[in-house]
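Everything below concerns the one structure shown next.
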Amino acid sequence: GRPITVGVLIGTAIHTRLYPAIYIPCFMAHFALSTTNTNPHQHPHPEPKAWDGTRPYPIGQFIWIWFKRVFLRPAPLLFFATTLGTFVGVTYLGVILYGRIALEEGLLYHFGRIDHRHNYSLHWYWIYLGRAQAQTVVDGVRYGSDIAGVLDAGFLVDDLFLQRLGTVLFLPQALLLFTTSIAFPKSLSLAMFLQTFLFVTFNKVITAQYFTWYLVLLPLAPIRWNVTMLPQALVLGASVVVWLLSAYTLEMRGWSSHFMVWMGSCGFFVGNVLFLKCVLRNIEPVDVPAKAKLK
């Protein structure tokens, strides 16, 4: 019952707000971990433990273990099928009611989305420069200007390139999200917090509202809060202040401080990574219930 119920809820959430799709792997790993084995003689040799985030692990064995856990057990597959079916069904209903624009604006737009303003992201500055080049080309063609200088890099920076760039920038996120989903299956709240934090930190678009995505999960995560985390928290807070001040000079004062804003974005990225490193060092141990022992 639980995989179906959660699948319906997650599928509906993905339709209304696309980013909950990042939680699919961690829910599948969690349901795989919750598979009950009542026959102690069925597997006399227990599987090796999953990576605990602190020691190296043979990558081939690691992948094979989780392939068996996730794709050869009914609970995670049932969850995935229910999530996919709910999302496709609700999205199809939206297309029927509102036409193709529901698909374009609600789903496809996000994969090629490029925001060059009001963006905390590490990738902001060169996205901004690439968009400016593309606009220069468009204006040159429109008004018959000589655009040879714009093309001296050997290729044309156009909107299609920027859309492909937005897709490429998702690859580091995907790798990190996959790793955290199977590295911390014992605590679903911790996995969801880490995934959300990583997704926001490495995203090509970061606006202030994105912070609420992981802040609401922070109280649920099993983290040992102590005074040793204060320096990293102060660094993160200071990086936000620096970014806001530099953005104020650009947006409100009209100064040409684009590079300074980008440096603020780099500092914000470093602050997030340092804070996450501190969080990983202060995770509360989570015991697996007896009924949830691995096969």
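Order determines the names: the first chain of the structure tokens is A, the second B, and so forth; residues in each chain are numbered 1 upward, and ligands are numbered 1 upward as they are shown.
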Practice task
Write out as a VMD selection string the residues lying within 8 Å of region 10-20 of chain A, counting only C-alpha atoms and excluding same-chain residues fewer than 4 positions away.
Solution key: chain A and resid 6 24 82 to 87 90 to 91 106 to 107
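CA of Asn203 (chain A) is found 26.9 Å from CA of Arg224 (chain A).
The smallest atom-to-atom distance between Ala221 (chain A) and any of A:Ala208, A:Leu234, A:Leu280, A:Cys26, using only C-alpha atoms, is found for A:Leu280.
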Handout entry: Selection near region 176-185 of chain A, 9 Å with only C-alpha atoms, sequence-local residues under 3 positions removed, as number ranges by chain
Key = A: 22-33, 50-53, 66, 171-173, 188, 190-192, 194-196, 198-199
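Distances here use only C-alpha atoms; by that measure, the residue among A:Leu129, A:Ile223, A:Val88, A:Leu78 closest to Val279 (chain A) is A:Ile223.
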Practice task
Show which residues sit within 10 Å of Ala247 (chain A), as a ChimeraX atom specification. Count only C-alpha atoms, and ignore same-chain residues fewer than 6 positions away.
Solution key: /A:117-120,241,253-255,257-258,260-262,264-265
Produce a file of the selected residues containing N, CA and C atoms, as a PDB file, in the first residue's frame.
```
ATOM      1  N   ARG A 117      19.434  36.670 -14.998  1.00  0.00           N
ATOM      2  CA  ARG A 117      19.253  37.761 -14.042  1.00  0.00           C
ATOM      3  C   ARG A 117      18.720  37.189 -12.723  1.00  0.00           C
ATOM      4  N   HIS A 118      19.025  37.902 -11.621  1.00  0.00           N
ATOM      5  CA  HIS A 118      18.522  37.523 -10.294  1.00  0.00           C
ATOM      6  C   HIS A 118      18.889  36.073  -9.967  1.00  0.00           C
ATOM      7  N   ASN A 119      20.129  35.688 -10.256  1.00  0.00           N
ATOM      8  CA  ASN A 119      20.523  34.288 -10.199  1.00  0.00           C
ATOM      9  C   ASN A 119      21.771  34.142  -9.329  1.00  0.00           C
ATOM     10  N   TYR A 120      21.671  33.344  -8.267  1.00  0.00           N
ATOM     11  CA  TYR A 120      22.800  33.094  -7.385  1.00  0.00           C
ATOM     12  C   TYR A 120      23.766  32.052  -7.958  1.00  0.00           C
ATOM     13  N   VAL A 241      25.337  37.558   2.094  1.00  0.00           N
ATOM     14  CA  VAL A 241      25.373  39.018   2.253  1.00  0.00           C
ATOM     15  C   VAL A 241      26.208  39.659   1.155  1.00  0.00           C
ATOM     16  N   ARG A 253      21.573  50.209  -8.326  1.00  0.00           N
ATOM     17  CA  ARG A 253      22.406  51.376  -8.561  1.00  0.00           C
ATOM     18  C   ARG A 253      22.821  51.522 -10.025  1.00  0.00           C
ATOM     19  N   GLY A 254      22.693  50.455 -10.793  1.00  0.00           N
ATOM     20  CA  GLY A 254      23.035  50.512 -12.208  1.00  0.00           C
ATOM     21  C   GLY A 254      24.516  50.470 -12.501  1.00  0.00           C
ATOM     22  N   TRP A 255      25.321  50.010 -11.533  1.00  0.00           N
ATOM     23  CA  TRP A 255      26.749  49.915 -11.764  1.00  0.00           C
ATOM     24  C   TRP A 255      27.057  48.720 -12.666  1.00  0.00           C
ATOM     25  N   SER A 257      28.732  46.007 -12.466  1.00  0.00           N
ATOM     26  CA  SER A 257      29.389  45.145 -11.475  1.00  0.00           C
ATOM     27  C   SER A 257      29.074  43.676 -11.712  1.00  0.00           C
ATOM     28  N   HIS A 258      28.947  43.281 -12.985  1.00  0.00           N
ATOM     29  CA  HIS A 258      28.597  41.905 -13.311  1.00  0.00           C
ATOM     30  C   HIS A 258      29.640  40.924 -12.778  1.00  0.00           C
ATOM     31  N   MET A 260      31.671  41.301 -10.294  1.00  0.00           N
ATOM     32  CA  MET A 260      31.605  41.254  -8.840  1.00  0.00           C
ATOM     33  C   MET A 260      30.450  40.370  -8.375  1.00  0.00           C
ATOM     34  N   VAL A 261      29.320  40.434  -9.085  1.00  0.00           N
ATOM     35  CA  VAL A 261      28.196  39.559  -8.755  1.00  0.00           C
ATOM     36  C   VAL A 261      28.587  38.109  -8.968  1.00  0.00           C
ATOM     37  N   TRP A 262      29.317  37.840 -10.062  1.00  0.00           N
ATOM     38  CA  TRP A 262      29.747  36.466 -10.318  1.00  0.00           C
ATOM     39  C   TRP A 262      30.696  35.975  -9.231  1.00  0.00           C
ATOM     40  N   GLY A 264      30.627  36.932  -6.200  1.00  0.00           N
ATOM     41  CA  GLY A 264      29.735  36.634  -5.088  1.00  0.00           C
ATOM     42  C   GLY A 264      29.053  35.287  -5.251  1.00  0.00           C
ATOM     43  N   SER A 265      28.696  34.935  -6.477  1.00  0.00           N
ATOM     44  CA  SER A 265      28.092  33.631  -6.743  1.00  0.00           C
ATOM     45  C   SER A 265      29.079  32.508  -6.476  1.00  0.00           C
TER      46      SER A 265
END
```
